[in-house]
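Note: the block below is input15.csv and it holds CSV, C-alpha atoms.
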```csv
chain,number,residue,atom,x,y,z
Y,1,MET,CA,28.7,-26.4,25.1
Y,2,LYS,CA,25.3,-25.9,23.5
Y,3,GLN,CA,25.3,-22.2,24.5
Y,4,LEU,CA,28.8,-21.8,23.0
Y,5,CYS,CA,27.6,-23.2,19.7
Y,6,MET,CA,24.5,-21.0,19.7
Y,7,PHE,CA,26.7,-18.0,20.5
Y,8,ALA,CA,29.1,-19.0,17.7
Y,9,VAL,CA,26.3,-19.4,15.2
Y,10,GLY,CA,24.7,-16.1,16.3
Y,11,ALA,CA,28.1,-14.3,16.0
Y,12,LEU,CA,28.7,-15.8,12.6
Y,13,LEU,CA,25.3,-14.6,11.4
Y,14,VAL,CA,25.9,-11.1,12.7
Y,15,LEU,CA,29.3,-11.1,10.9
Y,16,VAL,CA,27.9,-12.4,7.7
Y,17,CYS,CA,25.0,-9.9,7.7
Y,18,ASP,CA,27.4,-7.0,8.4
Y,19,LEU,CA,30.1,-8.3,6.1
Y,20,PRO,CA,29.2,-6.1,3.1
Y,21,ALA,CA,29.5,-2.9,5.3
Y,22,ALA,CA,32.9,-4.1,6.6
Y,23,LEU,CA,34.2,-5.0,3.2
Y,24,HIS,CA,33.2,-1.9,1.4
Y,25,ALA,CA,35.6,0.8,2.7
Y,26,GLN,CA,35.3,4.0,0.7
Y,27,SER,CA,37.7,4.0,-2.3
Y,28,SER,CA,39.2,7.0,-3.9
Y,29,GLY,CA,38.1,6.1,-7.5
Y,30,ASP,CA,35.7,8.0,-9.7
Y,31,SER,CA,33.2,5.1,-10.1
Y,32,VAL,CA,30.7,3.2,-8.2
Y,33,SER,CA,30.7,-0.5,-8.9
Y,34,GLY,CA,29.1,-3.8,-7.7
Y,35,SER,CA,26.6,-6.4,-8.7
Y,36,LEU,CA,22.9,-6.8,-8.7
Y,37,THR,CA,20.7,-9.9,-8.4
Y,38,TYR,CA,17.3,-11.0,-7.2
Y,39,ARG,CA,16.2,-14.0,-5.0
Y,40,GLU,CA,13.3,-15.4,-7.1
Y,41,ARG,CA,14.1,-18.4,-9.2
Y,42,ILE,CA,13.0,-16.8,-12.5
Y,43,ALA,CA,15.1,-16.7,-15.5
Y,44,LEU,CA,15.1,-13.4,-17.5
Y,45,PRO,CA,14.2,-13.4,-21.2
Y,46,GLU,CA,16.9,-12.2,-23.6
Y,47,ASN,CA,15.2,-8.9,-24.1
Y,48,ALA,CA,15.3,-7.9,-20.4
Y,49,THR,CA,16.9,-4.5,-19.8
Y,50,ILE,CA,18.9,-3.8,-16.7
Y,51,ARG,CA,19.2,-0.1,-15.6
Y,52,VAL,CA,21.4,1.1,-12.8
Y,53,VAL,CA,21.2,4.8,-11.6
Y,54,LEU,CA,23.5,6.9,-9.4
Y,55,SER,CA,21.6,9.8,-7.9
Y,56,ASP,CA,21.8,12.7,-5.5
Y,57,VAL,CA,19.1,11.9,-2.9
Y,58,SER,CA,19.8,14.6,-0.4
Y,59,LEU,CA,16.4,16.2,-0.4
Y,60,ALA,CA,13.7,14.1,1.0
Y,61,ASP,CA,10.8,16.1,-0.4
Y,62,ALA,CA,12.3,16.5,-3.9
Y,63,PRO,CA,12.8,14.1,-6.8
Y,64,GLU,CA,16.3,12.6,-7.1
Y,65,THR,CA,18.9,14.2,-9.3
Y,66,VAL,CA,20.3,11.6,-11.6
Y,67,LEU,CA,24.1,11.9,-12.0
Y,68,VAL,CA,24.8,8.8,-14.1
Y,69,GLU,CA,22.9,5.8,-15.4
Y,70,GLN,CA,23.8,2.6,-17.2
Y,71,SER,CA,21.5,0.4,-19.2
Y,72,PHE,CA,22.3,-2.9,-20.9
Y,73,GLN,CA,20.5,-6.0,-22.2
Y,74,ALA,CA,20.5,-9.3,-20.4
Y,75,ALA,CA,21.2,-11.0,-23.8
Y,76,GLY,CA,20.5,-14.4,-22.3
Y,77,LYS,CA,22.7,-13.9,-19.3
Y,78,GLN,CA,21.3,-14.4,-15.8
Y,79,PRO,CA,22.0,-12.7,-12.5
Y,80,PRO,CA,24.2,-11.6,-10.9
Y,81,PHE,CA,25.0,-8.7,-13.2
Y,82,ASP,CA,28.1,-6.5,-12.6
Y,83,PHE,CA,27.9,-2.8,-13.1
Y,84,SER,CA,30.3,0.2,-12.9
Y,85,LEU,CA,29.1,3.8,-13.0
Y,86,SER,CA,31.8,6.4,-13.7
Y,87,TYR,CA,30.9,9.8,-12.3
Y,88,ASP,CA,32.4,13.3,-12.4
Y,89,PRO,CA,33.9,13.9,-9.0
Y,90,SER,CA,33.3,17.7,-9.4
Y,91,GLN,CA,29.5,16.9,-9.1
Y,92,ILE,CA,30.0,15.4,-5.6
Y,93,GLU,CA,29.6,17.4,-2.5
Y,94,GLU,CA,30.6,15.8,0.8
Y,95,ASN,CA,27.6,17.1,2.7
Y,96,ARG,CA,25.1,15.5,0.3
Y,97,SER,CA,23.7,12.0,0.1
Y,98,TYR,CA,24.1,9.7,-3.0
Y,99,ALA,CA,22.5,6.4,-3.7
Y,100,VAL,CA,22.4,3.7,-6.4
Y,101,ARG,CA,19.2,2.0,-7.5
Y,102,ALA,CA,18.5,-0.6,-10.2
Y,103,GLU,CA,15.6,-2.0,-12.1
Y,104,ILE,CA,14.9,-4.7,-14.6
Y,105,THR,CA,12.3,-4.3,-17.3
Y,106,VAL,CA,10.9,-6.6,-20.0
Y,107,ASP,CA,9.1,-5.1,-22.9
Y,108,GLY,CA,8.8,-1.8,-21.0
Y,109,GLN,CA,7.2,-3.6,-18.0
Y,110,LEU,CA,9.0,-3.3,-14.6
Y,111,TRP,CA,9.8,-6.8,-13.3
Y,112,PHE,CA,12.3,-6.1,-10.5
Y,113,THR,CA,13.5,-3.0,-8.6
Y,114,THR,CA,15.5,-2.1,-5.6
Y,115,THR,CA,13.5,-1.4,-2.5
Y,116,SER,CA,16.3,-0.7,-0.1
Y,117,HIS,CA,18.5,2.4,0.1
Y,118,TYR,CA,22.1,1.8,-1.2
Y,119,GLY,CA,24.1,4.8,-0.1
Y,120,VAL,CA,27.4,5.5,-1.8
Y,121,ILE,CA,30.3,7.8,-2.1
Y,122,THR,CA,29.9,10.2,0.9
Y,123,GLN,CA,29.3,9.9,4.6
Y,124,GLY,CA,31.4,6.8,4.9
Y,125,ASN,CA,29.5,4.9,2.2
Y,126,PRO,CA,31.3,2.6,-0.2
Y,127,THR,CA,32.0,3.1,-3.9
Y,128,SER,CA,32.8,-0.5,-4.8
Y,129,GLY,CA,31.6,-4.0,-3.9
Y,130,LEU,CA,28.0,-3.1,-3.7
Y,131,ALA,CA,25.5,-6.0,-3.7
Y,132,LEU,CA,22.1,-4.7,-4.8
Y,133,VAL,CA,19.2,-7.1,-4.2
Y,134,LEU,CA,16.1,-6.4,-6.4
Y,135,GLU,CA,12.6,-7.4,-5.5
Y,136,ARG,CA,9.9,-8.6,-7.9
Y,137,THR,CA,7.2,-6.0,-8.6
Y,138,SER,CA,3.5,-6.5,-8.6
Y,139,SER,CA,3.4,-5.6,-12.3
Y,140,SER,CA,5.5,-8.7,-13.0
Y,141,GLU,CA,3.2,-11.1,-11.2
Y,142,GLY,CA,1.4,-11.8,-14.4
Y,143,ALA,CA,4.7,-12.9,-15.9
Y,144,SER,CA,5.3,-16.6,-15.9
Y,145,SER,CA,7.2,-17.7,-12.8
Y,146,THR,CA,8.4,-20.7,-14.7
Y,147,PRO,CA,10.6,-19.7,-17.6
Y,148,PRO,CA,10.3,-21.4,-21.0
Y,149,SER,CA,12.4,-24.6,-21.2
Y,150,ASN,CA,15.0,-23.0,-23.4
Y,151,LEU,CA,15.9,-20.5,-20.6
Y,152,PRO,CA,18.2,-21.7,-17.8
Y,153,GLN,CA,17.0,-21.6,-14.1
Y,154,THR,CA,18.9,-19.3,-11.8
Y,155,GLY,CA,20.8,-20.6,-8.8
Y,156,GLY,CA,18.8,-21.4,-5.7
Y,157,SER,CA,19.7,-21.4,-2.0
Y,158,SER,CA,23.3,-22.5,-2.4
Y,159,SER,CA,24.6,-19.5,-0.5
Y,160,LEU,CA,22.3,-20.3,2.4
Y,161,LEU,CA,23.5,-23.9,2.3
Y,162,SER,CA,27.1,-22.7,2.3
Y,163,LEU,CA,26.4,-20.5,5.3
Y,164,LEU,CA,24.8,-23.4,7.2
Y,165,VAL,CA,27.7,-25.7,6.5
Y,166,PHE,CA,30.1,-23.0,7.6
Y,167,ALA,CA,28.1,-22.5,10.8
Y,168,LEU,CA,28.2,-26.2,11.5
Y,169,LEU,CA,32.0,-26.2,11.0
Y,170,VAL,CA,32.4,-23.3,13.4
Y,171,CYS,CA,30.3,-25.2,16.1
Y,172,TRP,CA,32.3,-28.4,15.5
Y,173,THR,CA,35.6,-26.5,15.8
Y,174,ALA,CA,34.4,-24.7,18.9
Y,175,GLY,CA,33.4,-28.1,20.4
Y,176,LEU,CA,36.9,-29.5,19.8
Y,177,ALA,CA,38.5,-26.5,21.3
Y,178,LEU,CA,36.3,-26.7,24.4
Y,179,ARG,CA,37.1,-30.4,24.8
Y,180,ARG,CA,40.9,-29.6,24.6
Y,181,VAL,CA,40.6,-26.8,27.2
Y,182,SER,CA,38.5,-28.9,29.6
Y,183,ALA,CA,40.9,-31.9,29.2
Y,184,ARG,CA,43.8,-29.8,30.6
```

Turn the structure described in the file into structure tokens.
Amino acid sequence: MKQLCMFAVGALLVLVCDLPAALHAQSSGDSVSGSLTYRERIALPENATIRVVLSDVSLADAPETVLVEQSFQAAGKQPPFDFSLSYDPSQIEENRSYAVRAEITVDGQLWFTTTSHYGVITQGNPTSGLALVLERTSSSEGASSTPPSNLPQTGGSSSLLSLLVFALLVCWTAGLALRRVSAR
């Protein structure tokens, strides 16, 4: 019984971790869309600028070629931020690699940036439903980790709590099913 629950929790975690890849089948649209967020509990000031970039990253030893970029102000809003980058399909070559990256700056200082590769468009990569996670940069360490009282706090670990509750429900359901099978 205990092994079954551990297996169920392990399988659930594998599914949840791989869910973005499973959900993001390549679409035939001419845009790349998704949302971006960060894990730290830091509210952004109103003048924060969010920048999302779609680039050709095919050549490892050369700078990226920016195809499209979108910038917008936080204007008091907090993550997650949705984005949609429309691109010209004639610029896309199936044998090349494309990626999306994002950054958040405040007064010209980089606070957050993507540190993972988010491949898009070609080679089976998605064009929608992207979930970019940005990480805090060392240049933002001097910034206050506690926002002024007039700025709202961002959400905490509610998604982790939801995952834990779901895993417990799966274990409980597996236990009930096992009892029914062994009672026969």

Could you work out how far atom CA of Leu85 of chain Y lies from atom CA of Ser31 of chain Y, giving the answer in Å with one decimal?
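That distance, rounded to one decimal, is 5.2 Å.
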
Find the residue from Y:Ala48, Y:Leu67, Y:Val100, Y:Ala74 that sits nearest to Val133 of chain Y; use all atoms listed in the file when measuring.
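Using all atoms listed in the file, Val133 of chain Y sits closest to Y:Val100.
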
Contacts of Asp56 of chain Y at 6 Å or less, counting all atoms listed in the file, minus same-chain residues fewer than 4 places along, as a PDB file with C-alpha atoms, in the frame of the given file?
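Once written, result-v9.pdb looks like this:
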```
ATOM      1  CA  GLU Y  64      16.300  12.600  -7.100  1.00  0.00           C
ATOM      2  CA  THR Y  65      18.900  14.200  -9.300  1.00  0.00           C
ATOM      3  CA  SER Y  97      23.700  12.000   0.100  1.00  0.00           C
ATOM      4  CA  TYR Y  98      24.100   9.700  -3.000  1.00  0.00           C
TER       5      TYR Y  98
END
```

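Taking atom CA of Ser35 of chain Y as the reference point, atom CA of Ser58 of chain Y is found at 23.6 Å.
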
Would you mind listing what lies within 10 Å of Val120 of chain Y as a PyMOL selection string, with all atoms listed in the file counted and same-chain residues fewer than 2 positions away left out?
chain Y and resi 24+26+32-33+54-56+97-100+117-118+122-128+130

How would segment 51-70 of chain Y look with N, CA and C atoms restored, written as an mmCIF file, keeping the file's coordinate frame?
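Below is the file that was written, selection.cif:
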```cif
data_model
loop_
_atom_site.group_PDB
_atom_site.id
_atom_site.type_symbol
_atom_site.label_atom_id
_atom_site.label_comp_id
_atom_site.auth_asym_id
_atom_site.auth_seq_id
_atom_site.Cartn_x
_atom_site.Cartn_y
_atom_site.Cartn_z
ATOM 1 N N ARG Y 51 18.869 -1.557 -15.728
ATOM 2 C CA ARG Y 51 19.200 -0.100 -15.600
ATOM 3 C C ARG Y 51 19.689 0.139 -14.210
ATOM 4 N N VAL Y 52 20.862 0.771 -14.104
ATOM 5 C CA VAL Y 52 21.400 1.100 -12.800
ATOM 6 C C VAL Y 52 21.641 2.650 -12.805
ATOM 7 N N VAL Y 53 21.250 3.300 -11.711
ATOM 8 C CA VAL Y 53 21.200 4.800 -11.600
ATOM 9 C C VAL Y 53 21.973 5.234 -10.379
ATOM 10 N N LEU Y 54 22.856 6.225 -10.540
ATOM 11 C CA LEU Y 54 23.500 6.900 -9.400
ATOM 12 C C LEU Y 54 22.839 8.285 -9.310
ATOM 13 N N SER Y 55 22.310 8.600 -8.117
ATOM 14 C CA SER Y 55 21.600 9.800 -7.900
ATOM 15 C C SER Y 55 21.937 10.558 -6.664
ATOM 16 N N ASP Y 56 21.697 11.868 -6.678
ATOM 17 C CA ASP Y 56 21.800 12.700 -5.500
ATOM 18 C C ASP Y 56 20.397 12.604 -4.832
ATOM 19 N N VAL Y 57 20.343 12.061 -3.620
ATOM 20 C CA VAL Y 57 19.100 11.900 -2.900
ATOM 21 C C VAL Y 57 19.020 12.671 -1.626
ATOM 22 N N SER Y 58 19.709 13.797 -1.620
ATOM 23 C CA SER Y 58 19.800 14.600 -0.400
ATOM 24 C C SER Y 58 18.535 15.190 0.087
ATOM 25 N N LEU Y 59 17.659 15.581 -0.817
ATOM 26 C CA LEU Y 59 16.400 16.200 -0.400
ATOM 27 C C LEU Y 59 15.273 15.234 -0.363
ATOM 28 N N ALA Y 60 14.733 15.065 0.842
ATOM 29 C CA ALA Y 60 13.700 14.100 1.000
ATOM 30 C C ALA Y 60 12.382 14.414 0.345
ATOM 31 N N ASP Y 61 12.101 15.693 0.175
ATOM 32 C CA ASP Y 61 10.800 16.100 -0.400
ATOM 33 C C ASP Y 61 10.954 16.536 -1.870
ATOM 34 N N ALA Y 62 12.046 16.112 -2.511
ATOM 35 C CA ALA Y 62 12.300 16.500 -3.900
ATOM 36 C C ALA Y 62 12.678 15.246 -4.703
ATOM 37 N N PRO Y 63 12.416 15.266 -5.985
ATOM 38 C CA PRO Y 63 12.800 14.100 -6.800
ATOM 39 C C PRO Y 63 14.369 14.009 -6.810
ATOM 40 N N GLU Y 64 14.844 12.795 -7.018
ATOM 41 C CA GLU Y 64 16.300 12.600 -7.100
ATOM 42 C C GLU Y 64 16.877 13.323 -8.291
ATOM 43 N N THR Y 65 18.157 13.632 -8.201
ATOM 44 C CA THR Y 65 18.900 14.200 -9.300
ATOM 45 C C THR Y 65 19.798 13.136 -9.866
ATOM 46 N N VAL Y 66 19.516 12.645 -11.053
ATOM 47 C CA VAL Y 66 20.300 11.600 -11.600
ATOM 48 C C VAL Y 66 21.642 12.122 -12.114
ATOM 49 N N LEU Y 67 22.729 11.518 -11.631
ATOM 50 C CA LEU Y 67 24.100 11.900 -12.000
ATOM 51 C C LEU Y 67 24.556 11.051 -13.207
ATOM 52 N N VAL Y 68 24.350 9.752 -13.108
ATOM 53 C CA VAL Y 68 24.800 8.800 -14.100
ATOM 54 C C VAL Y 68 23.858 7.621 -14.166
ATOM 55 N N GLU Y 69 23.650 7.090 -15.345
ATOM 56 C CA GLU Y 69 22.900 5.800 -15.400
ATOM 57 C C GLU Y 69 23.509 4.947 -16.495
ATOM 58 N N GLN Y 70 23.313 3.660 -16.310
ATOM 59 C CA GLN Y 70 23.800 2.600 -17.200
ATOM 60 C C GLN Y 70 22.707 1.673 -17.527
#
```
